[in-house]
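> Next comes the structure file structure-v4.pdb, holding PDB, C-alpha atoms, pLDDT in the B column.
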```
ATOM      1  CA  MET A   3      -3.420  -7.826 -28.039  1.00 41.00           C
ATOM      2  CA  ASN A   4      -1.945  -8.962 -24.738  1.00 44.00           C
ATOM      3  CA  PHE A   5      -3.220  -7.242 -21.601  1.00 45.00           C
ATOM      4  CA  SER A   6      -1.398  -9.365 -19.059  1.00 46.00           C
ATOM      5  CA  PRO A   7       1.795  -8.132 -17.419  1.00 47.00           C
ATOM      6  CA  ARG A   8       4.993  -9.322 -19.011  1.00 46.00           C
ATOM      7  CA  ILE A   9       7.207 -10.828 -16.371  1.00 45.00           C
ATOM      8  CA  TYR A  10      10.577 -11.184 -18.006  1.00 44.00           C
ATOM      9  CA  GLU A  11      13.859  -9.771 -16.876  1.00 46.00           C
ATOM     10  CA  ARG A  12      12.698  -6.459 -15.558  1.00 47.00           C
ATOM     11  CA  GLU A  13      14.278  -3.232 -14.559  1.00 48.00           C
ATOM     12  CA  THR A  14      14.294  -2.396 -10.887  1.00 48.00           C
ATOM     13  CA  VAL A  15      13.194   1.200 -11.484  1.00 49.00           C
ATOM     14  CA  ASP A  16      10.249   2.601 -13.433  1.00 52.00           C
ATOM     15  CA  ARG A  17      11.467   3.947 -16.780  1.00 52.00           C
ATOM     16  CA  HIS A  18       8.962   6.776 -17.012  1.00 52.00           C
ATOM     17  CA  ARG A  19       9.422   7.990 -13.476  1.00 56.00           C
ATOM     18  CA  THR A  20      12.059  10.363 -12.226  1.00 57.00           C
ATOM     19  CA  PRO A  21      13.175  10.370  -8.588  1.00 54.00           C
ATOM     20  CA  GLN A  22      11.100  12.576  -6.277  1.00 61.00           C
ATOM     21  CA  GLN A  23       8.104  12.312  -8.626  1.00 71.00           C
ATOM     22  CA  TRP A  24       4.843  12.121  -6.662  1.00 78.00           C
ATOM     23  CA  THR A  25       2.280   9.942  -8.451  1.00 84.00           C
ATOM     24  CA  ILE A  26      -1.332   9.075  -7.688  1.00 89.00           C
ATOM     25  CA  VAL A  27      -0.139   5.834  -6.076  1.00 88.00           C
ATOM     26  CA  GLU A  28       2.019   7.714  -3.573  1.00 90.00           C
ATOM     27  CA  THR A  29      -0.797  10.198  -2.965  1.00 93.00           C
ATOM     28  CA  VAL A  30      -3.328   7.475  -2.149  1.00 95.00           C
ATOM     29  CA  ASN A  31      -0.842   5.485  -0.055  1.00 95.00           C
ATOM     30  CA  ALA A  32       0.188   8.592   1.907  1.00 96.00           C
ATOM     31  CA  ALA A  33      -3.453   9.538   2.503  1.00 97.00           C
ATOM     32  CA  MET A  34      -4.253   6.018   3.711  1.00 98.00           C
ATOM     33  CA  ALA A  35      -1.161   6.023   5.953  1.00 98.00           C
ATOM     34  CA  LEU A  36      -2.238   9.306   7.543  1.00 98.00           C
ATOM     35  CA  MET A  37      -5.803   8.052   7.898  1.00 98.00           C
ATOM     36  CA  LEU A  38      -4.621   4.875   9.637  1.00 98.00           C
ATOM     37  CA  ILE A  39      -2.311   6.771  11.995  1.00 98.00           C
ATOM     38  CA  ALA A  40      -4.991   9.289  13.014  1.00 98.00           C
ATOM     39  CA  SER A  41      -7.983   6.934  12.983  1.00 97.00           C
ATOM     40  CA  PRO A  42      -7.770   5.538  16.548  1.00 98.00           C
ATOM     41  CA  TRP A  43      -8.334   9.040  17.925  1.00 97.00           C
ATOM     42  CA  THR A  44     -10.489  10.374  15.098  1.00 96.00           C
ATOM     43  CA  PHE A  45     -12.907   7.441  15.152  1.00 96.00           C
ATOM     44  CA  ARG A  46     -12.579   6.856  18.923  1.00 94.00           C
ATOM     45  CA  TYR A  47     -11.213   3.364  19.172  1.00 95.00           C
ATOM     46  CA  ALA A  48      -7.880   4.277  20.779  1.00 94.00           C
ATOM     47  CA  ASP A  49      -8.886   2.279  23.872  1.00 94.00           C
ATOM     48  CA  ALA A  50      -9.038  -0.916  21.785  1.00 89.00           C
ATOM     49  CA  SER A  51      -5.406  -1.937  22.026  1.00 92.00           C
ATOM     50  CA  ALA A  52      -5.055  -4.309  19.059  1.00 95.00           C
ATOM     51  CA  ALA A  53      -7.059  -2.082  16.721  1.00 97.00           C
ATOM     52  CA  ALA A  54      -5.181   1.085  17.654  1.00 97.00           C
ATOM     53  CA  TRP A  55      -1.725  -0.493  17.508  1.00 97.00           C
ATOM     54  CA  SER A  56      -2.515  -2.176  14.220  1.00 97.00           C
ATOM     55  CA  ALA A  57      -3.693   1.063  12.622  1.00 98.00           C
ATOM     56  CA  VAL A  58      -0.735   3.103  13.852  1.00 98.00           C
ATOM     57  CA  LEU A  59       1.889   0.468  12.997  1.00 98.00           C
ATOM     58  CA  ILE A  60       0.553  -0.255   9.509  1.00 98.00           C
ATOM     59  CA  GLY A  61       0.149   3.483   8.893  1.00 98.00           C
ATOM     60  CA  LEU A  62       3.723   4.259   9.953  1.00 98.00           C
ATOM     61  CA  LEU A  63       5.170   1.441   7.844  1.00 98.00           C
ATOM     62  CA  LEU A  64       3.077   2.423   4.831  1.00 97.00           C
ATOM     63  CA  GLY A  65       4.135   6.052   5.237  1.00 96.00           C
ATOM     64  CA  ALA A  66       7.809   5.063   5.425  1.00 96.00           C
ATOM     65  CA  ILE A  67       7.538   2.921   2.295  1.00 95.00           C
ATOM     66  CA  THR A  68       5.714   5.699   0.459  1.00 92.00           C
ATOM     67  CA  LEU A  69       8.413   8.187   1.435  1.00 92.00           C
ATOM     68  CA  ALA A  70      11.133   5.752   0.345  1.00 91.00           C
ATOM     69  CA  ARG A  71       9.355   5.276  -2.982  1.00 87.00           C
ATOM     70  CA  THR A  72       9.375   9.020  -3.664  1.00 84.00           C
ATOM     71  CA  ILE A  73      13.117   9.135  -3.035  1.00 85.00           C
ATOM     72  CA  GLU A  74      13.997   6.128  -5.197  1.00 82.00           C
ATOM     73  CA  ALA A  75      11.470   3.740  -6.727  1.00 79.00           C
ATOM     74  CA  ARG A  76      12.319   0.050  -6.426  1.00 83.00           C
ATOM     75  CA  ASP A  77      10.330  -3.148  -6.918  1.00 83.00           C
ATOM     76  CA  TRP A  78      10.370  -4.129  -3.242  1.00 89.00           C
ATOM     77  CA  GLN A  79       8.373  -1.043  -2.277  1.00 90.00           C
ATOM     78  CA  GLY A  80       5.430  -2.080  -4.417  1.00 89.00           C
ATOM     79  CA  TRP A  81       5.446  -5.584  -2.996  1.00 93.00           C
ATOM     80  CA  ALA A  82       5.787  -4.254   0.560  1.00 96.00           C
ATOM     81  CA  SER A  83       2.864  -1.867  -0.011  1.00 95.00           C
ATOM     82  CA  LEU A  84       0.811  -4.769  -1.325  1.00 96.00           C
ATOM     83  CA  ALA A  85       1.657  -6.828   1.774  1.00 97.00           C
ATOM     84  CA  LEU A  86       0.783  -3.954   4.128  1.00 97.00           C
ATOM     85  CA  GLY A  87      -2.489  -3.313   2.307  1.00 97.00           C
ATOM     86  CA  THR A  88      -3.371  -6.979   2.661  1.00 98.00           C
ATOM     87  CA  CYS A  89      -2.444  -6.865   6.359  1.00 98.00           C
ATOM     88  CA  ALA A  90      -4.673  -3.821   6.864  1.00 98.00           C
ATOM     89  CA  LEU A  91      -7.504  -5.544   5.013  1.00 97.00           C
ATOM     90  CA  LEU A  92      -7.317  -8.740   7.090  1.00 98.00           C
ATOM     91  CA  ALA A  93      -6.175  -7.318  10.458  1.00 98.00           C
ATOM     92  CA  PRO A  94      -9.638  -6.885  12.028  1.00 98.00           C
ATOM     93  CA  TRP A  95     -10.325 -10.615  11.807  1.00 97.00           C
ATOM     94  CA  LEU A  96      -6.786 -11.884  12.323  1.00 97.00           C
ATOM     95  CA  LEU A  97      -6.260  -9.731  15.425  1.00 97.00           C
ATOM     96  CA  GLY A  98      -9.772 -10.146  16.790  1.00 96.00           C
ATOM     97  CA  PHE A  99     -11.255  -6.668  16.655  1.00 96.00           C
ATOM     98  CA  GLY A 100     -13.897  -7.410  14.027  1.00 95.00           C
ATOM     99  CA  GLU A 101     -16.673  -6.155  16.319  1.00 96.00           C
ATOM    100  CA  ILE A 102     -15.266  -2.583  16.457  1.00 96.00           C
ATOM    101  CA  LYS A 103     -16.996  -1.151  13.390  1.00 96.00           C
ATOM    102  CA  ASN A 104     -14.941   2.060  13.185  1.00 96.00           C
ATOM    103  CA  ALA A 105     -11.685   0.121  13.258  1.00 97.00           C
ATOM    104  CA  VAL A 106     -12.940  -2.418  10.718  1.00 98.00           C
ATOM    105  CA  GLY A 107     -14.120   0.321   8.362  1.00 97.00           C
ATOM    106  CA  THR A 108     -10.834   2.189   8.559  1.00 97.00           C
ATOM    107  CA  HIS A 109      -8.677  -0.901   8.076  1.00 98.00           C
ATOM    108  CA  VAL A 110     -10.766  -2.300   5.215  1.00 98.00           C
ATOM    109  CA  THR A 111     -10.972   1.065   3.417  1.00 98.00           C
ATOM    110  CA  ALA A 112      -7.237   1.667   3.683  1.00 98.00           C
ATOM    111  CA  GLY A 113      -6.418  -1.934   2.788  1.00 98.00           C
ATOM    112  CA  LEU A 114      -8.621  -1.964  -0.306  1.00 98.00           C
ATOM    113  CA  ALA A 115      -7.326   1.396  -1.531  1.00 98.00           C
ATOM    114  CA  VAL A 116      -3.674   0.442  -1.059  1.00 97.00           C
ATOM    115  CA  VAL A 117      -4.087  -3.033  -2.582  1.00 97.00           C
ATOM    116  CA  MET A 118      -5.987  -1.737  -5.618  1.00 97.00           C
ATOM    117  CA  MET A 119      -3.577   1.127  -6.334  1.00 95.00           C
ATOM    118  CA  THR A 120      -0.510  -1.046  -5.807  1.00 93.00           C
ATOM    119  CA  LEU A 121      -1.827  -3.853  -8.025  1.00 94.00           C
ATOM    120  CA  ILE A 122      -2.580  -1.372 -10.805  1.00 92.00           C
ATOM    121  CA  ASN A 123       0.869   0.160 -10.395  1.00 87.00           C
ATOM    122  CA  LEU A 124       2.608  -3.235 -10.465  1.00 87.00           C
ATOM    123  CA  TRP A 125       0.541  -4.348 -13.454  1.00 89.00           C
ATOM    124  CA  VAL A 126       1.410  -1.209 -15.433  1.00 85.00           C
ATOM    125  CA  HIS A 127       5.054  -1.447 -14.391  1.00 78.00           C
ATOM    126  CA  TYR A 128       5.416  -5.053 -15.539  1.00 78.00           C
ATOM    127  CA  LEU A 129       3.324  -4.480 -18.661  1.00 75.00           C
ATOM    128  CA  ASP A 130       5.683  -1.680 -19.628  1.00 68.00           C
ATOM    129  CA  GLN A 131       8.751  -3.917 -19.481  1.00 66.00           C
ATOM    130  CA  SER A 132       9.855  -5.123 -22.872  1.00 62.00           C
ATOM    131  CA  PRO A 133      11.074  -8.719 -23.187  1.00 64.00           C
ATOM    132  CA  THR A 134      14.796  -9.115 -23.628  1.00 63.00           C
ATOM    133  CA  PRO A 135      15.978 -11.325 -26.477  1.00 61.00           C
ATOM    134  CA  ALA A 136      17.650 -14.571 -25.469  1.00 57.00           C
TER     135      ALA A 136
END
```
Translate this structure into structure tokens?

Amino acid sequence: MNFSPRIYERETVDRHRTPQQWTIVETVNAAMALMLIASPWTFRYADASAAAWSAVLIGLLLGAITLARTIEARDWQGWASLALGTCALLAPWLLGFGEIKNAVGTHVTAGLAVVMMTLINLWVHYLDQSPTPA
């Protein structure tokens, strides 16, 4: 029994997913996008420029990708979500606001949730692809 994703010639759209279908991945990504956008004011670190801009920018981009994925699912959206989740996860230390605990907590929580959900989604998507004969 093989549990690793098959990475052969793959379709660019999920076979079991119709357009405009809202899955748990989109739900989590949308919730994390909203949390990131609102967090500078909710958790009172809006005066920390790098932390606030990072949260709002990553949240807006993640929200746009999530919306695009609900309209038409493509491979690039999963990879872009994975990249944004990784950016959110590492931003506090790369941008130098690691001492602002509220900002760190928000970024790390959103980053971990997005990365985990996107990796599971990509793994299932590639596992579902059947190999094409040569």
> On this structure, the PyMOL selection byres ((chain A and resi 37-45) around 12) would catch which residues? List them as a PyMOL selection string, sorted by chain and number.
chain A and resi 30-36+46-65+86-87+90-91+102-113+115-116
> Can you tell me how far CA of Met118 (chain A) sits from CA of Leu92 (chain A), in Å to one decimal?
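Between CA of Met118 (chain A) and CA of Leu92 (chain A) the gap works out to 14.6 Å.
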> Between CA of Glu74 (chain A) and CA of Thr88 (chain A), what is the distance in Å, rounded to a tenth?
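Computing the Euclidean distance for CA of Glu74 (chain A) and CA of Thr88 (chain A) yields 23.1 Å.
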> Point out the residue among A:Met119, A:Leu129, A:Ala93, A:Val27 with the least atom-to-atom distance to Arg71 (chain A), counting all atoms listed in the file.
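So, comparing all the options, the nearest one is A:Val27.
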> What does the structure give for the distance between CA of Gly100 (chain A) and CA of Ala82 (chain A), in Å to one decimal?
24.1 Å
